[in-house]
>>> print(open('final-v1.cif').read())   # mmCIF, C-alpha atoms
data_data
loop_
_atom_site.group_PDB
_atom_site.id
_atom_site.type_symbol
_atom_site.label_atom_id
_atom_site.label_comp_id
_atom_site.auth_asym_id
_atom_site.auth_seq_id
_atom_site.Cartn_x
_atom_site.Cartn_y
_atom_site.Cartn_z
ATOM 1 C CA MET A 1 -60.646 105.062 33.937
ATOM 2 C CA TYR A 2 -56.928 104.662 33.187
ATOM 3 C CA SER A 3 -53.463 104.503 34.736
ATOM 4 C CA ASN A 4 -50.668 106.974 34.058
ATOM 5 C CA ARG A 5 -48.104 104.931 36.006
ATOM 6 C CA PHE A 6 -46.186 103.981 32.859
ATOM 7 C CA ALA A 7 -46.873 107.089 30.769
ATOM 8 C CA ALA A 8 -44.236 109.495 29.404
ATOM 9 C CA HIS A 9 -41.515 106.895 28.848
ATOM 10 C CA ILE A 10 -39.407 106.613 25.695
ATOM 11 C CA VAL A 11 -39.042 103.078 24.332
ATOM 12 C CA ARG A 12 -37.363 101.467 21.335
ATOM 13 C CA GLN A 13 -40.159 100.204 19.127
ATOM 14 C CA HIS A 14 -38.432 97.051 17.829
ATOM 15 C CA ARG A 15 -37.717 95.900 21.392
ATOM 16 C CA LEU A 16 -41.223 96.803 22.490
ATOM 17 C CA ASN A 17 -42.657 94.812 19.597
ATOM 18 C CA ALA A 18 -40.636 91.720 20.544
ATOM 19 C CA LEU A 19 -41.650 91.929 24.200
ATOM 20 C CA LEU A 20 -45.317 92.462 23.368
ATOM 21 C CA SER A 21 -45.306 89.390 21.157
ATOM 22 C CA ARG A 22 -43.675 87.231 23.822
ATOM 23 C CA ARG A 23 -46.288 88.228 26.384
ATOM 24 C CA GLY A 24 -49.222 87.523 24.055
ATOM 25 C CA TRP A 25 -50.085 91.127 23.190
ATOM 26 C CA SER A 26 -51.095 92.124 19.654
ATOM 27 C CA TYR A 27 -49.343 94.956 17.861
ATOM 28 C CA VAL A 28 -48.342 96.206 14.424
ATOM 29 C CA GLN A 29 -45.299 98.475 14.420
ATOM 30 C CA HIS A 30 -46.210 102.110 13.825
ATOM 31 C CA ARG A 31 -44.951 103.931 10.768
ATOM 32 C CA ASN A 32 -44.580 107.660 10.100
ATOM 33 C CA ASP A 33 -46.626 107.660 6.879
ATOM 34 C CA GLY A 34 -49.813 108.780 8.603
ATOM 35 C CA ALA A 35 -51.477 105.378 8.515
ATOM 36 C CA SER A 36 -53.851 104.503 11.339
ATOM 37 C CA TYR A 37 -52.742 101.678 13.636
ATOM 38 C CA ASP A 38 -54.130 99.903 16.654
ATOM 39 C CA LEU A 39 -52.506 100.449 20.008
ATOM 40 C CA PRO A 40 -50.793 97.471 21.668
ATOM 41 C CA TRP A 41 -53.588 95.386 23.156
ATOM 42 C CA LEU A 42 -54.098 92.230 25.181
ATOM 43 C CA ALA A 43 -57.266 90.148 24.948
ATOM 44 C CA LEU A 44 -58.646 89.007 28.302
ATOM 45 C CA PRO A 45 -61.567 86.822 27.174
ATOM 46 C CA ASP A 46 -62.148 85.151 30.539
ATOM 47 C CA TRP A 47 -63.170 88.529 31.916
ATOM 48 C CA GLY A 48 -64.630 90.034 28.746
ATOM 49 C CA LEU A 49 -61.938 92.714 28.770
ATOM 50 C CA ARG A 50 -59.203 94.102 26.598
ATOM 51 C CA ALA A 51 -56.171 96.038 27.874
ATOM 52 C CA GLU A 52 -54.627 98.746 25.697
ATOM 53 C CA LEU A 53 -51.437 100.763 26.081
ATOM 54 C CA GLY A 54 -51.181 104.184 24.499
ATOM 55 C CA VAL A 55 -48.087 104.732 22.344
ATOM 56 C CA ALA A 56 -47.092 107.350 19.764
ATOM 57 C CA GLY A 57 -44.134 107.613 17.404
ATOM 58 C CA ILE A 58 -41.298 110.016 18.184
ATOM 59 C CA GLU A 59 -38.243 109.366 15.967
ATOM 60 C CA ASP A 60 -37.683 107.275 12.854
ATOM 61 C CA ARG A 61 -34.326 105.882 11.795
ATOM 62 C CA GLY A 62 -34.271 107.729 8.502
ATOM 63 C CA ASP A 63 -33.802 104.580 6.421
ATOM 64 C CA ASP A 64 -37.451 103.472 6.412
ATOM 65 C CA LEU A 65 -40.869 104.568 7.616
ATOM 66 C CA VAL A 66 -40.898 102.628 10.888
ATOM 67 C CA PHE A 67 -40.581 104.695 14.052
ATOM 68 C CA ASP A 68 -37.499 103.803 16.068
ATOM 69 C CA THR A 69 -38.621 105.387 19.332
ATOM 70 C CA MET A 70 -42.104 105.635 20.818
ATOM 71 C CA GLY A 71 -43.594 107.569 23.707
ATOM 72 C CA THR A 72 -45.865 105.688 26.100
ATOM 73 C CA ASP A 73 -49.189 106.994 27.387
ATOM 74 C CA GLN A 74 -52.163 105.709 29.381
ATOM 75 C CA LEU A 75 -52.939 102.096 30.164
ATOM 76 C CA PHE A 76 -56.655 101.425 30.070
ATOM 77 C CA PHE A 77 -59.237 98.640 29.829
ATOM 78 C CA ILE A 78 -62.277 98.371 27.586
ATOM 79 C CA ARG A 79 -65.245 96.060 27.265
ATOM 80 C CA GLY A 80 -67.346 95.302 24.190
ATOM 81 C CA GLU A 81 -67.595 98.145 21.692
ATOM 82 C CA ARG A 82 -64.991 100.442 23.194
ATOM 83 C CA LEU A 83 -66.734 100.820 26.546
ATOM 84 C CA PRO A 84 -64.161 102.137 29.081
ATOM 85 C CA VAL A 85 -63.886 100.157 32.289
ATOM 86 C CA PRO A 86 -62.879 101.924 35.546
ATOM 87 C CA LEU A 87 -59.748 100.421 37.076
ATOM 88 C CA ALA A 88 -61.692 99.712 40.261
ATOM 89 C CA GLU A 89 -63.879 97.286 38.273
ATOM 90 C CA VAL A 90 -60.942 95.338 36.815
ATOM 91 C CA PRO A 91 -60.299 92.149 38.834
ATOM 92 C CA PRO A 92 -57.193 92.741 40.997
ATOM 93 C CA VAL A 93 -55.324 89.711 39.634
ATOM 94 C CA VAL A 94 -55.925 90.915 36.057
ATOM 95 C CA LEU A 95 -54.836 94.466 36.843
ATOM 96 C CA SER A 96 -51.722 93.202 38.631
ATOM 97 C CA GLU A 97 -50.614 90.914 35.799
ATOM 98 C CA VAL A 98 -51.221 93.535 33.103
ATOM 99 C CA MET A 99 -49.303 96.091 35.149
ATOM 100 C CA ARG A 100 -46.414 93.622 35.438
ATOM 101 C CA ASP A 101 -46.391 93.248 31.670
ATOM 102 C CA VAL A 102 -46.301 96.991 31.036
ATOM 103 C CA ASP A 103 -43.671 97.505 33.718
ATOM 104 C CA LEU A 104 -41.529 94.959 31.886
ATOM 105 C CA PHE A 105 -42.103 96.667 28.519
ATOM 106 C CA VAL A 106 -41.038 100.063 29.853
ATOM 107 C CA ALA A 107 -38.049 98.691 31.766
ATOM 108 C CA ALA A 108 -36.679 96.416 29.032
ATOM 109 C CA ALA A 109 -37.504 98.500 25.943
ATOM 110 C CA GLY A 110 -36.893 101.932 27.498
ATOM 111 C CA VAL A 111 -33.913 103.967 26.297
ATOM 112 C CA GLY A 112 -33.019 104.699 29.928
ATOM 113 C CA ALA A 113 -31.665 101.165 30.255
ATOM 114 C CA ASP A 114 -29.569 101.477 27.096
ATOM 115 C CA PRO A 115 -25.978 102.677 27.726
ATOM 116 C CA ASN A 116 -25.757 103.794 24.100
ATOM 117 C CA TRP A 117 -28.197 106.608 24.931
ATOM 118 C CA TYR A 118 -26.046 108.219 27.635
ATOM 119 C CA ASP A 119 -25.626 111.329 25.442
ATOM 120 C CA GLY A 120 -29.388 111.813 25.260
ATOM 121 C CA GLY A 121 -30.074 110.365 21.826
ATOM 122 C CA PRO A 122 -30.715 112.559 18.764
ATOM 123 C CA GLN A 123 -29.304 116.061 19.386
ATOM 124 C CA GLY A 124 -29.239 115.230 23.101
ATOM 125 C CA ARG A 125 -32.966 115.935 23.433
ATOM 126 C CA TYR A 126 -33.546 113.134 25.925
ATOM 127 C CA ARG A 127 -30.521 113.612 28.167
ATOM 128 C CA ASP A 128 -32.596 114.532 31.221
ATOM 129 C CA TYR A 129 -34.977 111.644 30.622
ATOM 130 C CA TRP A 130 -32.102 109.185 30.195
ATOM 131 C CA ALA A 131 -30.450 110.368 33.402
ATOM 132 C CA GLN A 132 -33.678 110.084 35.378
ATOM 133 C CA SER A 133 -34.491 106.650 33.973
ATOM 134 C CA SER A 134 -30.936 105.417 34.437
ATOM 135 C CA PHE A 135 -30.345 106.621 37.985
ATOM 136 C CA GLY A 136 -33.665 107.833 39.416
ATOM 137 C CA GLU A 137 -36.256 106.207 41.652
ATOM 138 C CA LEU A 138 -36.801 102.509 41.047
ATOM 139 C CA THR A 139 -39.856 101.237 39.213
ATOM 140 C CA PRO A 140 -41.796 98.315 40.735
ATOM 141 C CA THR A 141 -39.607 96.011 38.634
ATOM 142 C CA GLY A 142 -36.450 97.675 39.917
ATOM 143 C CA ARG A 143 -37.633 97.394 43.519
ATOM 144 C CA THR A 144 -38.327 93.697 43.033
ATOM 145 C CA ARG A 145 -34.850 93.225 41.558
ATOM 146 C CA ARG A 146 -33.316 95.070 44.512
ATOM 147 C CA ASP A 147 -35.084 92.663 46.872
ATOM 148 C CA VAL A 148 -33.680 89.704 44.928
ATOM 149 C CA LEU A 149 -30.191 91.230 45.078
ATOM 150 C CA ALA A 150 -30.541 91.593 48.851
ATOM 151 C CA ASP A 151 -30.881 87.801 49.027
ATOM 152 C CA LEU A 152 -28.202 87.036 46.439
ATOM 153 C CA ILE A 153 -25.347 89.357 47.416
ATOM 154 C CA PRO A 154 -24.483 87.666 50.747
ATOM 155 C CA ARG A 155 -23.883 84.429 48.814
ATOM 156 C CA LEU A 156 -21.286 85.977 46.495
ATOM 157 C CA ALA A 157 -17.541 85.865 47.040
ATOM 158 C CA ILE A 158 -17.475 89.670 46.791
ATOM 159 C CA ALA A 159 -20.169 90.193 49.450
ATOM 160 C CA ASP A 160 -17.751 92.108 51.695
ATOM 161 C CA ARG A 161 -17.195 94.607 48.868
ATOM 162 C CA CYS A 162 -20.905 95.232 48.283
ATOM 163 C CA THR A 163 -23.445 97.546 49.899
ATOM 164 C CA LEU A 164 -27.076 97.770 48.817
ATOM 165 C CA THR A 165 -28.700 101.210 49.093
ATOM 166 C CA ASP A 166 -32.198 102.345 48.160
ATOM 167 C CA ARG A 167 -31.414 102.432 44.418
ATOM 168 C CA PHE A 168 -27.870 101.152 43.929
ATOM 169 C CA LEU A 169 -25.603 98.200 44.460
ATOM 170 C CA GLU A 170 -22.359 99.841 45.560
ATOM 171 C CA VAL A 171 -19.202 97.866 44.783
ATOM 172 C CA ARG A 172 -15.810 98.749 46.253
ATOM 173 C CA GLY A 173 -13.037 98.022 43.800
ATOM 174 C CA ASP A 174 -9.347 98.694 44.326
ATOM 175 C CA LEU A 175 -9.378 101.766 42.090
ATOM 176 C CA HIS A 176 -12.858 103.223 42.699
ATOM 177 C CA THR A 177 -16.231 102.639 44.283
ATOM 178 C CA TYR A 178 -18.972 101.966 41.733
ATOM 179 C CA ARG A 179 -22.733 102.477 42.025
ATOM 180 C CA ILE A 180 -24.784 100.108 39.843
ATOM 181 C CA HIS A 181 -28.427 101.142 39.488
ATOM 182 C CA CYS A 182 -30.785 98.295 40.396
ATOM 183 C CA GLY A 183 -33.222 99.311 37.669
ATOM 184 C CA SER A 184 -31.187 100.163 34.593
ATOM 185 C CA GLY A 185 -27.922 98.399 35.455
ATOM 186 C CA ASN A 186 -26.054 101.588 34.511
ATOM 187 C CA ILE A 187 -23.017 102.646 36.544
ATOM 188 C CA LEU A 188 -21.690 105.760 38.274
ATOM 189 C CA ILE A 189 -18.185 106.083 39.698
ATOM 190 C CA ALA A 190 -18.187 107.560 43.221
ATOM 191 C CA PRO A 191 -17.718 110.111 44.600
ATOM 192 C CA ASP A 192 -17.960 112.426 41.567
ATOM 193 C CA GLU A 193 -20.841 110.473 39.949
ATOM 194 C CA ARG A 194 -18.933 109.988 36.712
ATOM 195 C CA TYR A 195 -20.740 107.726 34.239
ATOM 196 C CA LEU A 196 -19.065 104.421 33.369
ATOM 197 C CA CYS A 197 -20.283 102.803 30.169
ATOM 198 C CA ILE A 198 -20.049 99.002 30.084
ATOM 199 C CA ILE A 199 -22.072 97.257 27.386
ATOM 200 C CA PRO A 200 -22.409 93.499 27.949
ATOM 201 C CA ASP A 201 -21.632 91.394 24.888
ATOM 202 C CA SER A 202 -25.006 89.680 25.245
ATOM 203 C CA ALA A 203 -26.800 93.015 24.949
ATOM 204 C CA LYS A 204 -25.359 93.437 21.460
ATOM 205 C CA VAL A 205 -26.808 90.224 20.084
ATOM 206 C CA LYS A 206 -29.984 89.438 22.027
ATOM 207 C CA GLU A 207 -33.226 91.080 23.036
ATOM 208 C CA PRO A 208 -33.702 91.349 26.797
ATOM 209 C CA GLU A 209 -34.735 88.068 28.377
ATOM 210 C CA MET A 210 -38.237 87.729 29.579
ATOM 211 C CA TYR A 211 -39.477 87.753 33.067
ATOM 212 C CA LEU A 212 -38.670 89.439 36.322
ATOM 213 C CA PRO A 213 -37.531 88.517 38.925
ATOM 214 C CA PHE A 214 -37.114 84.939 37.776
ATOM 215 C CA GLU A 215 -34.085 83.231 36.247
ATOM 216 C CA GLY A 216 -34.682 84.853 32.869
ATOM 217 C CA ASP A 217 -34.011 88.343 34.250
ATOM 218 C CA SER A 218 -31.078 89.339 32.068
ATOM 219 C CA ARG A 219 -30.751 92.698 33.856
ATOM 220 C CA LEU A 220 -30.227 90.941 37.176
ATOM 221 C CA ALA A 221 -27.548 88.740 35.616
ATOM 222 C CA GLU A 222 -25.981 91.840 34.056
ATOM 223 C CA ILE A 223 -25.821 93.665 37.403
ATOM 224 C CA ILE A 224 -24.154 90.720 39.117
ATOM 225 C CA SER A 225 -21.701 90.314 36.230
ATOM 226 C CA LYS A 226 -20.764 94.000 36.434
ATOM 227 C CA ALA A 227 -20.353 93.777 40.209
ATOM 228 C CA LEU A 228 -17.961 90.844 39.888
ATOM 229 C CA LEU A 229 -15.983 92.671 37.205
ATOM 230 C CA LEU A 230 -15.719 95.950 39.104
ATOM 231 C CA ALA A 231 -14.823 94.366 42.436
ATOM 232 C CA ALA A 232 -11.645 93.226 40.672
ATOM 233 C CA ASP A 233 -11.144 96.435 38.707
ATOM 234 C CA LYS A 234 -7.326 96.135 38.791
ATOM 235 C CA LYS A 235 -7.640 93.004 36.653
ATOM 236 C CA ILE A 236 -9.760 94.618 33.916
ATOM 237 C CA LYS A 237 -8.040 94.429 30.528
ATOM 238 C CA ASP A 238 -10.743 95.773 28.208
ATOM 239 C CA PRO A 239 -9.221 99.004 26.766
ATOM 240 C CA VAL A 240 -12.635 100.663 26.375
ATOM 241 C CA ILE A 241 -13.352 100.246 30.089
ATOM 242 C CA LEU A 242 -9.800 101.084 31.170
ATOM 243 C CA ARG A 243 -9.966 104.449 29.394
ATOM 244 C CA GLN A 244 -12.907 105.366 31.612
ATOM 245 C CA LEU A 245 -11.390 104.366 34.956
#
>>> encode(input="final-v1.cif", output="structure tokens")
Amino acid sequence: MYSNRFAAHIVRQHRLNALLSRRGWSYVQHRNDGASYDLPWLALPDWGLRAELGVAGIEDRGDDLVFDTMGTDQLFFIRGERLPVPLAEVPPVVLSEVMRDVDLFVAAAGVGADPNWYDGGPQGRYRDYWAQSSFGELTPTGRTRRDVLADLIPRLAIADRCTLTDRFLEVRGDLHTYRIHCGSGNILIAPDERYLCIIPDSAKVKEPEMYLPFEGDSRLAEIISKALLLAADKKIKDPVILRQL
């Protein structure tokens, strides 16, 4: 009746809200005042269906009633007056496209892709989750991005410094070897797996770009940008990065 593929993720609500809107989903940001709100939903009138994604508030920012972080739950489909529809009865093309949407929401709005959460967020409660999301098995989106990187890397001037593994793009600099995760874009320094925090300027001023694996994939552009930077690590002048090398 439902899919748990994208359950148990932690996402930033304001980013989730922006992504939902761009993909045509309906949503009102959840508040912690006990009010009842609809789940994020997508109308599928051509098939008489509606997709819904379970979410629940976790943390608020303390300065207002809007939850900052949300936990994801089941993805399910309904027909008419809340009649559940088994996944096997959802047309494959519909199920595939909705899954792609939710995969994007989790990947782009998830705290695992945010370098600012490397300490685990409030009181470090999500450190294990952040580590798993940042460096664990690739999601379908991450696997697609890895496939795109496999085609792109040989065309780059630094191709001889790059190796693509199951989850990482490994880049050999002059000072270290770096492992860039194909899902989150976060970086480990080999061989001791030390975390290297590099926050792209664009990430500070823009929401993640839209679709994967097309040209608007800002994470793909971020990974390539980091690879080019780290391949020439002796030329890095940013003091924040240099302190970590």
>>> atom_distance(input="final-v1.cif", atom1="atom CA of A:Thr72", atom2="atom CA of A:Ile58")
10.1 Å
>>> closest_residue(input="final-v1.cif", among="A:Val171, A:Val55, A:Ala231, A:Ala131", to="A:Gln13", atoms="all atoms listed in the file")
A:Val55
>>> closest_residue(input="final-v1.cif", among="A:Arg5, A:Met70, A:Gly112, A:Trp47", to="A:Val93", atoms="only C-alpha atoms")
A:Trp47
>>> residues_around(input="final-v1.cif", residues="A:Pro45", least_positions_apart="2", cutoff="12 Å", atoms="only C-alpha atoms", output="PyMOL selection string")
chain A and resi 42-43+47-51+78-80+94
>>> write_last_selection(input="final-v1.cif", atoms="C-alpha atoms", output="short mmCIF file (atom, residue, chain, number, x, y, z; two decimals), in the frame of the given file")
data_model
loop_
_atom_site.label_atom_id
_atom_site.label_comp_id
_atom_site.auth_asym_id
_atom_site.auth_seq_id
_atom_site.Cartn_x
_atom_site.Cartn_y
_atom_site.Cartn_z
CA LEU A 42 -54.10 92.23 25.18
CA ALA A 43 -57.27 90.15 24.95
CA TRP A 47 -63.17 88.53 31.92
CA GLY A 48 -64.63 90.03 28.75
CA LEU A 49 -61.94 92.71 28.77
CA ARG A 50 -59.20 94.10 26.60
CA ALA A 51 -56.17 96.04 27.87
CA ILE A 78 -62.28 98.37 27.59
CA ARG A 79 -65.24 96.06 27.26
CA GLY A 80 -67.35 95.30 24.19
CA VAL A 94 -55.92 90.92 36.06
#
>>> resolve_selection(input="final-v1.cif", expression="the PyMOL selection byres ((chain A and resi 7) around 9)", output="PyMOL selection string")
chain A and resi 3-6+8-9+54-55+71-75
>>> decode(input="final-v1.cif", residues="stretch 127-229 of chain A", atoms="C-alpha atoms", output="mmCIF file, in the first residue's frame")
data_model
loop_
_atom_site.group_PDB
_atom_site.id
_atom_site.type_symbol
_atom_site.label_atom_id
_atom_site.label_comp_id
_atom_site.auth_asym_id
_atom_site.auth_seq_id
_atom_site.Cartn_x
_atom_site.Cartn_y
_atom_site.Cartn_z
ATOM 1 C CA ARG A 127 25.635 12.789 13.900
ATOM 2 C CA ASP A 128 25.177 9.148 12.897
ATOM 3 C CA TYR A 129 22.436 10.046 10.436
ATOM 4 C CA TRP A 130 24.539 12.822 8.899
ATOM 5 C CA ALA A 131 27.524 10.510 8.498
ATOM 6 C CA GLN A 132 25.427 7.800 6.867
ATOM 7 C CA SER A 133 23.688 10.243 4.537
ATOM 8 C CA SER A 134 26.926 12.019 3.683
ATOM 9 C CA PHE A 135 29.105 8.991 2.999
ATOM 10 C CA GLY A 136 26.877 5.898 2.910
ATOM 11 C CA GLU A 137 25.302 3.936 0.077
ATOM 12 C CA LEU A 138 24.109 6.023 -2.848
ATOM 13 C CA THR A 139 20.436 6.752 -3.386
ATOM 14 C CA PRO A 140 18.985 6.257 -6.889
ATOM 15 C CA THR A 141 19.782 9.926 -7.535
ATOM 16 C CA GLY A 142 23.360 9.458 -6.372
ATOM 17 C CA ARG A 143 23.790 6.385 -8.570
ATOM 18 C CA THR A 144 22.514 8.321 -11.572
ATOM 19 C CA ARG A 145 24.954 11.140 -10.809
ATOM 20 C CA ARG A 146 27.805 8.636 -10.530
ATOM 21 C CA ASP A 147 26.926 7.322 -13.993
ATOM 22 C CA VAL A 148 27.005 10.871 -15.374
ATOM 23 C CA LEU A 149 30.386 11.466 -13.718
ATOM 24 C CA ALA A 150 31.714 8.293 -15.349
ATOM 25 C CA ASP A 151 31.024 9.927 -18.723
ATOM 26 C CA LEU A 152 32.240 13.395 -17.747
ATOM 27 C CA ILE A 153 35.498 12.698 -15.905
ATOM 28 C CA PRO A 154 37.480 11.407 -18.922
ATOM 29 C CA ARG A 155 36.808 14.747 -20.645
ATOM 30 C CA LEU A 156 38.345 16.813 -17.836
ATOM 31 C CA ALA A 157 41.925 18.044 -17.748
ATOM 32 C CA ILE A 158 42.338 16.343 -14.360
ATOM 33 C CA ALA A 159 41.109 12.937 -15.580
ATOM 34 C CA ASP A 160 44.463 11.306 -14.777
ATOM 35 C CA ARG A 161 44.066 12.411 -11.148
ATOM 36 C CA CYS A 162 40.564 10.967 -10.773
ATOM 37 C CA THR A 163 39.249 7.509 -9.918
ATOM 38 C CA LEU A 164 35.558 6.675 -9.624
ATOM 39 C CA THR A 165 34.632 4.047 -7.020
ATOM 40 C CA ASP A 166 31.235 2.698 -6.006
ATOM 41 C CA ARG A 167 30.364 5.803 -3.953
ATOM 42 C CA PHE A 168 33.183 8.316 -4.369
ATOM 43 C CA LEU A 169 35.086 10.362 -6.883
ATOM 44 C CA GLU A 170 38.663 10.081 -5.637
ATOM 45 C CA VAL A 171 40.929 12.996 -6.550
ATOM 46 C CA ARG A 172 44.704 12.880 -6.120
ATOM 47 C CA GLY A 173 46.066 16.267 -5.168
ATOM 48 C CA ASP A 174 49.683 17.094 -4.407
ATOM 49 C CA LEU A 175 49.080 17.219 -0.657
ATOM 50 C CA HIS A 176 46.390 14.552 -0.143
ATOM 51 C CA THR A 177 43.962 12.226 -1.852
ATOM 52 C CA TYR A 178 40.340 13.326 -1.479
ATOM 53 C CA ARG A 179 37.149 11.257 -1.649
ATOM 54 C CA ILE A 180 34.097 13.225 -2.827
ATOM 55 C CA HIS A 181 30.801 11.430 -2.210
ATOM 56 C CA CYS A 182 28.724 11.182 -5.390
ATOM 57 C CA GLY A 183 25.504 11.693 -3.446
ATOM 58 C CA SER A 184 26.131 14.442 -0.920
ATOM 59 C CA GLY A 185 29.214 16.063 -2.464
ATOM 60 C CA ASN A 186 30.877 15.958 0.967
ATOM 61 C CA ILE A 187 34.593 15.180 1.221
ATOM 62 C CA LEU A 188 36.893 12.870 3.176
ATOM 63 C CA ILE A 189 40.682 13.118 3.163
ATOM 64 C CA ALA A 190 42.352 9.721 2.653
ATOM 65 C CA PRO A 191 43.666 7.595 4.199
ATOM 66 C CA ASP A 192 42.443 8.611 7.675
ATOM 67 C CA GLU A 193 38.935 9.594 6.468
ATOM 68 C CA ARG A 194 39.219 13.084 7.915
ATOM 69 C CA TYR A 195 36.275 15.321 7.004
ATOM 70 C CA LEU A 196 37.011 18.349 4.820
ATOM 71 C CA CYS A 197 34.366 21.059 4.897
ATOM 72 C CA ILE A 198 34.080 23.136 1.718
ATOM 73 C CA ILE A 199 30.910 25.191 1.336
ATOM 74 C CA PRO A 200 30.391 26.517 -2.203
ATOM 75 C CA ASP A 201 29.538 30.211 -2.368
ATOM 76 C CA SER A 202 26.452 29.378 -4.426
ATOM 77 C CA ALA A 203 25.119 27.162 -1.644
ATOM 78 C CA LYS A 204 24.986 30.186 0.649
ATOM 79 C CA VAL A 205 22.714 32.228 -1.583
ATOM 80 C CA LYS A 206 20.591 29.816 -3.621
ATOM 81 C CA GLU A 207 18.306 26.857 -3.122
ATOM 82 C CA PRO A 208 19.504 23.688 -4.843
ATOM 83 C CA GLU A 209 18.849 23.713 -8.571
ATOM 84 C CA MET A 210 16.173 21.497 -9.894
ATOM 85 C CA TYR A 211 16.541 18.333 -11.781
ATOM 86 C CA LEU A 212 18.848 15.374 -11.878
ATOM 87 C CA PRO A 213 20.862 14.360 -13.838
ATOM 88 C CA PHE A 214 20.316 17.203 -16.269
ATOM 89 C CA GLU A 215 22.182 20.498 -16.590
ATOM 90 C CA GLY A 216 20.410 21.972 -13.576
ATOM 91 C CA ASP A 217 22.021 19.458 -11.203
ATOM 92 C CA SER A 218 23.850 21.841 -8.894
ATOM 93 C CA ARG A 219 25.307 18.941 -6.881
ATOM 94 C CA LEU A 220 26.971 17.548 -9.991
ATOM 95 C CA ALA A 221 28.450 20.965 -10.761
ATOM 96 C CA GLU A 222 29.571 21.241 -7.133
ATOM 97 C CA ILE A 223 31.352 17.869 -7.237
ATOM 98 C CA ILE A 224 33.219 18.767 -10.415
ATOM 99 C CA SER A 225 34.149 22.184 -9.009
ATOM 100 C CA LYS A 226 35.523 20.571 -5.845
ATOM 101 C CA ALA A 227 37.464 18.014 -7.886
ATOM 102 C CA LEU A 228 39.120 20.746 -9.941
ATOM 103 C CA LEU A 229 39.980 22.683 -6.785
#
